[in-house]
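Student: Can you read through this structure? Questions will come right after.
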Amino acid sequence: MIDLMETVKFQAEYAYCIDSDELESWPDFFTADGLYRITNALNEKRGMPIGIVHAAGQPMMRDRITSLRKANVFEAHRYRHLLSLPRLLGNGRAVTGFMVVRIMHDGTTDLFATGEYHDVITEDAGELKFSERVVVMDSERVDTLLAIPI
Amino acid sequence: MIDLMETVKFQAEYAYCIDSDELESWPDFFTADGLYRITNALNEKRGMPIGIVHAAGQPMMRDRITSLRKANVFEAHRYRHLLSLPRLLGNGRAVTGFMVVRIMHDGTTDLFATGEYHDVITEDAGELKFSERVVVMDSERVDTLLAIPI
Amino acid sequence: MIDLMETVKFQAEYAYCIDSDELESWPDFFTADGLYRITNALNEKRGMPIGIVHAAGQPMMRDRITSLRKANVFEAHRYRHLLSLPRLLGNGRAVTGFMVVRIMHDGTTDLFATGEYHDVITEDAGELKFSERVVVMDSERVDTLLAIPI
């Protein structure tokens with residue numbers, strides 16, 4: 001049984017990891033074979049499970065961060081996450097609303113994305129980990145080619 | 001005495017109900033004769049209690065959702081709520097900041113409204129219910145003719 | 001040892017104080033010689049500690065509010081804050097993400113600023129107080145000449 005406040009803290013740590021640009025630690029929030037996927041609400045509703053961005057397992061996640069560090073030198077941007085209280089659905093499943101603001105290198109700030117995290121959370125040696133984190137965007141128009149994880 | 005964490009959970013469930021488009025369940029968050037009203041901070045300050053949108057009792061709320069389902073077929077939009085920690089003022093009164101993002105059918109996302117919920121919360125057969133929820137918008141310029149509850 | 005939920009409540013009260021335009025109470029959230037400073041993430045990273053806006057001690061804070069009340073009659077605006085869960089770093093240190101929306105007198109609403117509060121919180125006669133609150137903006141382009149505290 002995953003505790004509500006522990007879940008809130010775990011998800012907040014995940015958000016701070018990204019917002020502080022500590023992306024090399026991002027894969028550590030997942031189990032070794034954890035799944036990370038970005039999709040949108042319409043696709044989910046239609047039962048089209050193949051997401052827009054996909055990473056299966058920590059090695060693929062680490063590769064993604066390495067590529068990101070190499071590629072994005074000239075287009076650096078940062079995120080700021082705000083989260084809702086998670087809904088715990090049992091068996092480690094949680095749904096959590098989010099809002100992400102993007103801050104571009106030149107200081108421009110805009111509301112980048114909103115949606116829900118659909119998580120499966122497990123306990124691994126006393127620590128919470130995502131065995132699955134599906135990012136379900138509210139909009140179909142989010143530019144998800146941008147490589148920073150959400 | 002209403003508990004802080006129970007209030008947070010109850011208000012989060014209300015927000016998920018709307019954001020998940022489960023509007024038929026929206027009246028269930030109120031007592032049978034509960035009051036729902038939208039107004040703005042300026043009107044409240046001037047002591048003009050008649051709100052912009054008004055629903056008194058669950059039957060009027062259900063009517064509103066039925067009309068909404070019939071009317072808004074071609075202009076569907078969704079909301080995403082984020083809430084502040086409620087301030088408990090005693091006697092079931094709570095004030096809670098909110099931010100609502102609107103996602104239009106074409107994917108356009110904008111910051112739709114901010115403000116405060118001014119609630120009176122009661123316990124009804126072991127469940128929390130709003131006997132009153134007044135939505136106090138920060139701005140006078142919000143397009144509140146749009147029919148989805150906030 | 002500062003408690004997480006007590007910190008969350010204290011920071012929420014601070015935000016409501018500003019959002020409710022009860023600015024005369026703003027200095028009371030600090031110790032008598034408390035420090036308030038606004039800077040941005042780039043400056044902090046470069047180790048340039050001199051902030052954009054600075055107030056040392058409650059008297060300077062009260063002066064600032066007095067000036068604000070005199071000067072800003074014709075350009076009134078309001079804020080709405082949303083906060084992340086704080087990260088407690090020990091010794092009263094806390095980091096807390098924020099998003100601030102600005103509502104102008106004519107009702108225009110925009111995402112004004114995002115960033116982190118870097119706080120040092122102490123207990124003073126049974127009440128939490130900021131002995132230091134550094135507002136670290138994510139963007140360098142925020143118009144911090146505007147005088148309402150964040």
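Scheme for the structure tokens: letters A, B, ... for chains in order shown; per-chain residue numbers from 1; ligand numbers from 1 in order shown.
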I'd like a table as JSON lines: residues in chain B with an atom no more than 8 Å from chain C, each row giving the shortest atom pair and its distance in Å to one decimal, only C-alpha atoms counted, sorted by chain and rising residue number.
Tutor:
{"residue": "B:Leu82", "atom": "CA", "partner": "C:Leu82", "partner_atom": "CA", "distance": 7.8}
{"residue": "B:Leu83", "atom": "CA", "partner": "C:Leu82", "partner_atom": "CA", "distance": 7.2}
{"residue": "B:Ser84", "atom": "CA", "partner": "C:Leu82", "partner_atom": "CA", "distance": 5.8}
{"residue": "B:Leu85", "atom": "CA", "partner": "C:Ala12", "partner_atom": "CA", "distance": 6.3}
{"residue": "B:Arg87", "atom": "CA", "partner": "C:Glu13", "partner_atom": "CA", "distance": 7.8}
{"residue": "B:Gly97", "atom": "CA", "partner": "C:Arg80", "partner_atom": "CA", "distance": 7.6}
{"residue": "B:Phe98", "atom": "CA", "partner": "C:Leu82", "partner_atom": "CA", "distance": 7.8}
{"residue": "B:Met99", "atom": "CA", "partner": "C:Leu82", "partner_atom": "CA", "distance": 7.9}
{"residue": "B:Leu111", "atom": "CA", "partner": "C:Asp110", "partner_atom": "CA", "distance": 7.4}
{"residue": "B:Ala113", "atom": "CA", "partner": "C:Thr109", "partner_atom": "CA", "distance": 7.8}
{"residue": "B:Thr114", "atom": "CA", "partner": "C:Arg80", "partner_atom": "CA", "distance": 6.9}
{"residue": "B:Gly115", "atom": "CA", "partner": "C:Arg80", "partner_atom": "CA", "distance": 7.3}
{"residue": "B:Asp138", "atom": "CA", "partner": "C:Ile103", "partner_atom": "CA", "distance": 6.9}
{"residue": "B:Ser139", "atom": "CA", "partner": "C:Gly107", "partner_atom": "CA", "distance": 4.6}
{"residue": "B:Glu140", "atom": "CA", "partner": "C:Gly107", "partner_atom": "CA", "distance": 5.5}
{"residue": "B:Arg141", "atom": "CA", "partner": "C:Gly107", "partner_atom": "CA", "distance": 5.3}
Student: Write to file, as a short mmCIF file (atom, residue, chain, number, x, y, z; two decimals), in the first residue's frame, the residues of the selection just made, with C-alpha atoms.
Tutor:
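selection_24.cif, written as the output of this step:
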data_model
loop_
_atom_site.label_atom_id
_atom_site.label_comp_id
_atom_site.auth_asym_id
_atom_site.auth_seq_id
_atom_site.Cartn_x
_atom_site.Cartn_y
_atom_site.Cartn_z
CA LEU B 82 -4.42 23.37 -9.88
CA LEU B 83 -5.23 24.19 -6.27
CA SER B 84 -3.52 25.88 -3.35
CA LEU B 85 -3.58 24.55 0.18
CA ARG B 87 -7.21 27.95 4.57
CA GLY B 97 -6.78 29.41 -4.37
CA PHE B 98 -7.11 27.96 -7.86
CA MET B 99 -5.72 28.26 -11.35
CA LEU B 111 -4.66 30.27 -18.69
CA ALA B 113 -8.99 31.82 -14.78
CA THR B 114 -7.55 32.27 -11.32
CA GLY B 115 -9.31 32.98 -8.07
CA ASP B 138 -9.66 37.35 -9.64
CA SER B 139 -10.52 39.02 -12.94
CA GLU B 140 -13.75 40.60 -14.13
CA ARG B 141 -12.99 39.62 -17.68
#
Student: Show which residues sit within 10 Å of Ala56 (chain B), as number ranges by chain. Count only C-alpha atoms, and ignore same-chain residues fewer than 2 positions away.
Tutor: B: 30, 32-37, 54, 58-61, 131-132
Student: Considering only alpha helix (DSSP H) as DSSP defines it on the backbone, what residues of region 22-117 of chain B qualify? List them as a PyMOL selection string.
Tutor: chain B and resi 41-45+58-71
Student: Generate a file of the selected residues that holds C-alpha atoms, formatted as an mmCIF file, in the first residue's frame.
Tutor:
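Listed below is the output, part_27.cif:
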data_model
loop_
_atom_site.group_PDB
_atom_site.id
_atom_site.type_symbol
_atom_site.label_atom_id
_atom_site.label_comp_id
_atom_site.auth_asym_id
_atom_site.auth_seq_id
_atom_site.Cartn_x
_atom_site.Cartn_y
_atom_site.Cartn_z
ATOM 1 C CA ALA B 41 -13.451 39.624 -6.366
ATOM 2 C CA LEU B 42 -14.653 43.142 -7.181
ATOM 3 C CA ASN B 43 -18.335 42.182 -6.845
ATOM 4 C CA GLU B 44 -17.654 40.376 -3.572
ATOM 5 C CA LYS B 45 -15.772 43.377 -2.193
ATOM 6 C CA GLN B 58 -28.702 19.334 -7.123
ATOM 7 C CA PRO B 59 -31.689 19.330 -9.554
ATOM 8 C CA MET B 60 -30.680 22.722 -10.955
ATOM 9 C CA MET B 61 -27.103 21.496 -11.216
ATOM 10 C CA ARG B 62 -28.170 18.367 -13.119
ATOM 11 C CA ASP B 63 -30.224 20.515 -15.504
ATOM 12 C CA ARG B 64 -27.192 22.615 -16.139
ATOM 13 C CA ILE B 65 -25.078 19.606 -17.074
ATOM 14 C CA THR B 66 -27.831 18.243 -19.340
ATOM 15 C CA SER B 67 -28.032 21.564 -21.189
ATOM 16 C CA LEU B 68 -24.292 21.668 -21.442
ATOM 17 C CA ARG B 69 -24.148 18.229 -23.028
ATOM 18 C CA LYS B 70 -26.769 19.205 -25.608
ATOM 19 C CA ALA B 71 -25.423 22.629 -26.433
#
Student: Can you pull out every residue from chain B that DSSP, working from the backbone, puts in strand (DSSP E or B), and format the result as number ranges by chain?
Tutor: B: 30-40, 53-56, 77-83, 87-90, 93-104, 109-124, 127-137
Student: Give me a file of those residues, with C-alpha atoms, as a PDB file, in the first residue's frame.
Tutor:
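Here's the written file selection01.pdb:
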ATOM      1  CA  PHE B  30     -22.877  19.169  -3.088  1.00  0.00           C
ATOM      2  CA  THR B  31     -25.541  18.634  -0.458  1.00  0.00           C
ATOM      3  CA  ALA B  32     -29.056  18.169  -1.897  1.00  0.00           C
ATOM      4  CA  ASP B  33     -29.783  21.881  -1.483  1.00  0.00           C
ATOM      5  CA  GLY B  34     -26.190  23.011  -1.975  1.00  0.00           C
ATOM      6  CA  LEU B  35     -25.385  26.352  -3.544  1.00  0.00           C
ATOM      7  CA  TYR B  36     -22.975  26.963  -6.419  1.00  0.00           C
ATOM      8  CA  ARG B  37     -22.188  30.443  -7.544  1.00  0.00           C
ATOM      9  CA  ILE B  38     -19.551  32.177  -9.696  1.00  0.00           C
ATOM     10  CA  THR B  39     -18.680  35.788  -9.039  1.00  0.00           C
ATOM     11  CA  ASN B  40     -15.580  37.985  -9.036  1.00  0.00           C
ATOM     12  CA  VAL B  53     -23.697  31.957 -12.668  1.00  0.00           C
ATOM     13  CA  HIS B  54     -25.904  30.417 -10.052  1.00  0.00           C
ATOM     14  CA  ALA B  55     -27.244  26.973  -9.196  1.00  0.00           C
ATOM     15  CA  ALA B  56     -29.239  26.203  -6.064  1.00  0.00           C
ATOM     16  CA  HIS B  77     -13.145  22.297 -24.309  1.00  0.00           C
ATOM     17  CA  ARG B  78     -11.532  20.861 -21.224  1.00  0.00           C
ATOM     18  CA  TYR B  79     -10.110  22.285 -18.036  1.00  0.00           C
ATOM     19  CA  ARG B  80      -7.096  21.506 -15.911  1.00  0.00           C
ATOM     20  CA  HIS B  81      -7.248  22.720 -12.307  1.00  0.00           C
ATOM     21  CA  LEU B  82      -4.417  23.367  -9.882  1.00  0.00           C
ATOM     22  CA  LEU B  83      -5.230  24.191  -6.270  1.00  0.00           C
ATOM     23  CA  ARG B  87      -7.212  27.951   4.572  1.00  0.00           C
ATOM     24  CA  LEU B  88      -9.622  26.539   7.140  1.00  0.00           C
ATOM     25  CA  LEU B  89     -11.598  29.337   8.807  1.00  0.00           C
ATOM     26  CA  GLY B  90     -13.738  27.258  11.198  1.00  0.00           C
ATOM     27  CA  ARG B  93     -15.498  27.424   5.973  1.00  0.00           C
ATOM     28  CA  ALA B  94     -12.501  27.121   3.677  1.00  0.00           C
ATOM     29  CA  VAL B  95     -10.775  29.428   1.205  1.00  0.00           C
ATOM     30  CA  THR B  96      -8.729  27.793  -1.547  1.00  0.00           C
ATOM     31  CA  GLY B  97      -6.779  29.406  -4.371  1.00  0.00           C
ATOM     32  CA  PHE B  98      -7.113  27.959  -7.859  1.00  0.00           C
ATOM     33  CA  MET B  99      -5.720  28.263 -11.351  1.00  0.00           C
ATOM     34  CA  VAL B 100      -7.630  26.831 -14.306  1.00  0.00           C
ATOM     35  CA  VAL B 101      -6.168  26.176 -17.742  1.00  0.00           C
ATOM     36  CA  ARG B 102      -8.523  25.683 -20.689  1.00  0.00           C
ATOM     37  CA  ILE B 103      -7.701  23.297 -23.518  1.00  0.00           C
ATOM     38  CA  MET B 104      -9.770  23.949 -26.639  1.00  0.00           C
ATOM     39  CA  THR B 109      -4.118  25.923 -24.301  1.00  0.00           C
ATOM     40  CA  ASP B 110      -4.519  29.090 -22.266  1.00  0.00           C
ATOM     41  CA  LEU B 111      -4.660  30.267 -18.687  1.00  0.00           C
ATOM     42  CA  PHE B 112      -8.412  30.605 -18.323  1.00  0.00           C
ATOM     43  CA  ALA B 113      -8.990  31.816 -14.785  1.00  0.00           C
ATOM     44  CA  THR B 114      -7.551  32.265 -11.316  1.00  0.00           C
ATOM     45  CA  GLY B 115      -9.314  32.983  -8.067  1.00  0.00           C
ATOM     46  CA  GLU B 116     -10.514  31.495  -4.813  1.00  0.00           C
ATOM     47  CA  TYR B 117     -13.116  28.973  -3.823  1.00  0.00           C
ATOM     48  CA  HIS B 118     -15.059  30.215  -0.804  1.00  0.00           C
ATOM     49  CA  ASP B 119     -16.580  27.011   0.547  1.00  0.00           C
ATOM     50  CA  VAL B 120     -18.819  25.815   3.308  1.00  0.00           C
ATOM     51  CA  ILE B 121     -18.142  22.105   3.760  1.00  0.00           C
ATOM     52  CA  THR B 122     -20.309  19.757   5.788  1.00  0.00           C
ATOM     53  CA  GLU B 123     -20.170  16.083   6.627  1.00  0.00           C
ATOM     54  CA  ASP B 124     -23.095  14.128   5.257  1.00  0.00           C
ATOM     55  CA  GLU B 127     -18.740  12.062   3.314  1.00  0.00           C
ATOM     56  CA  LEU B 128     -17.685  15.645   2.763  1.00  0.00           C
ATOM     57  CA  LYS B 129     -20.073  17.799   0.703  1.00  0.00           C
ATOM     58  CA  PHE B 130     -20.228  21.448  -0.290  1.00  0.00           C
ATOM     59  CA  SER B 131     -23.268  23.138   1.192  1.00  0.00           C
ATOM     60  CA  GLU B 132     -21.876  26.207  -0.554  1.00  0.00           C
ATOM     61  CA  ARG B 133     -19.147  26.742  -3.123  1.00  0.00           C
ATOM     62  CA  VAL B 134     -18.631  30.306  -4.319  1.00  0.00           C
ATOM     63  CA  VAL B 135     -16.081  30.690  -7.112  1.00  0.00           C
ATOM     64  CA  VAL B 136     -14.512  34.135  -6.728  1.00  0.00           C
ATOM     65  CA  MET B 137     -12.643  35.007  -9.922  1.00  0.00           C
TER      66      MET B 137
END
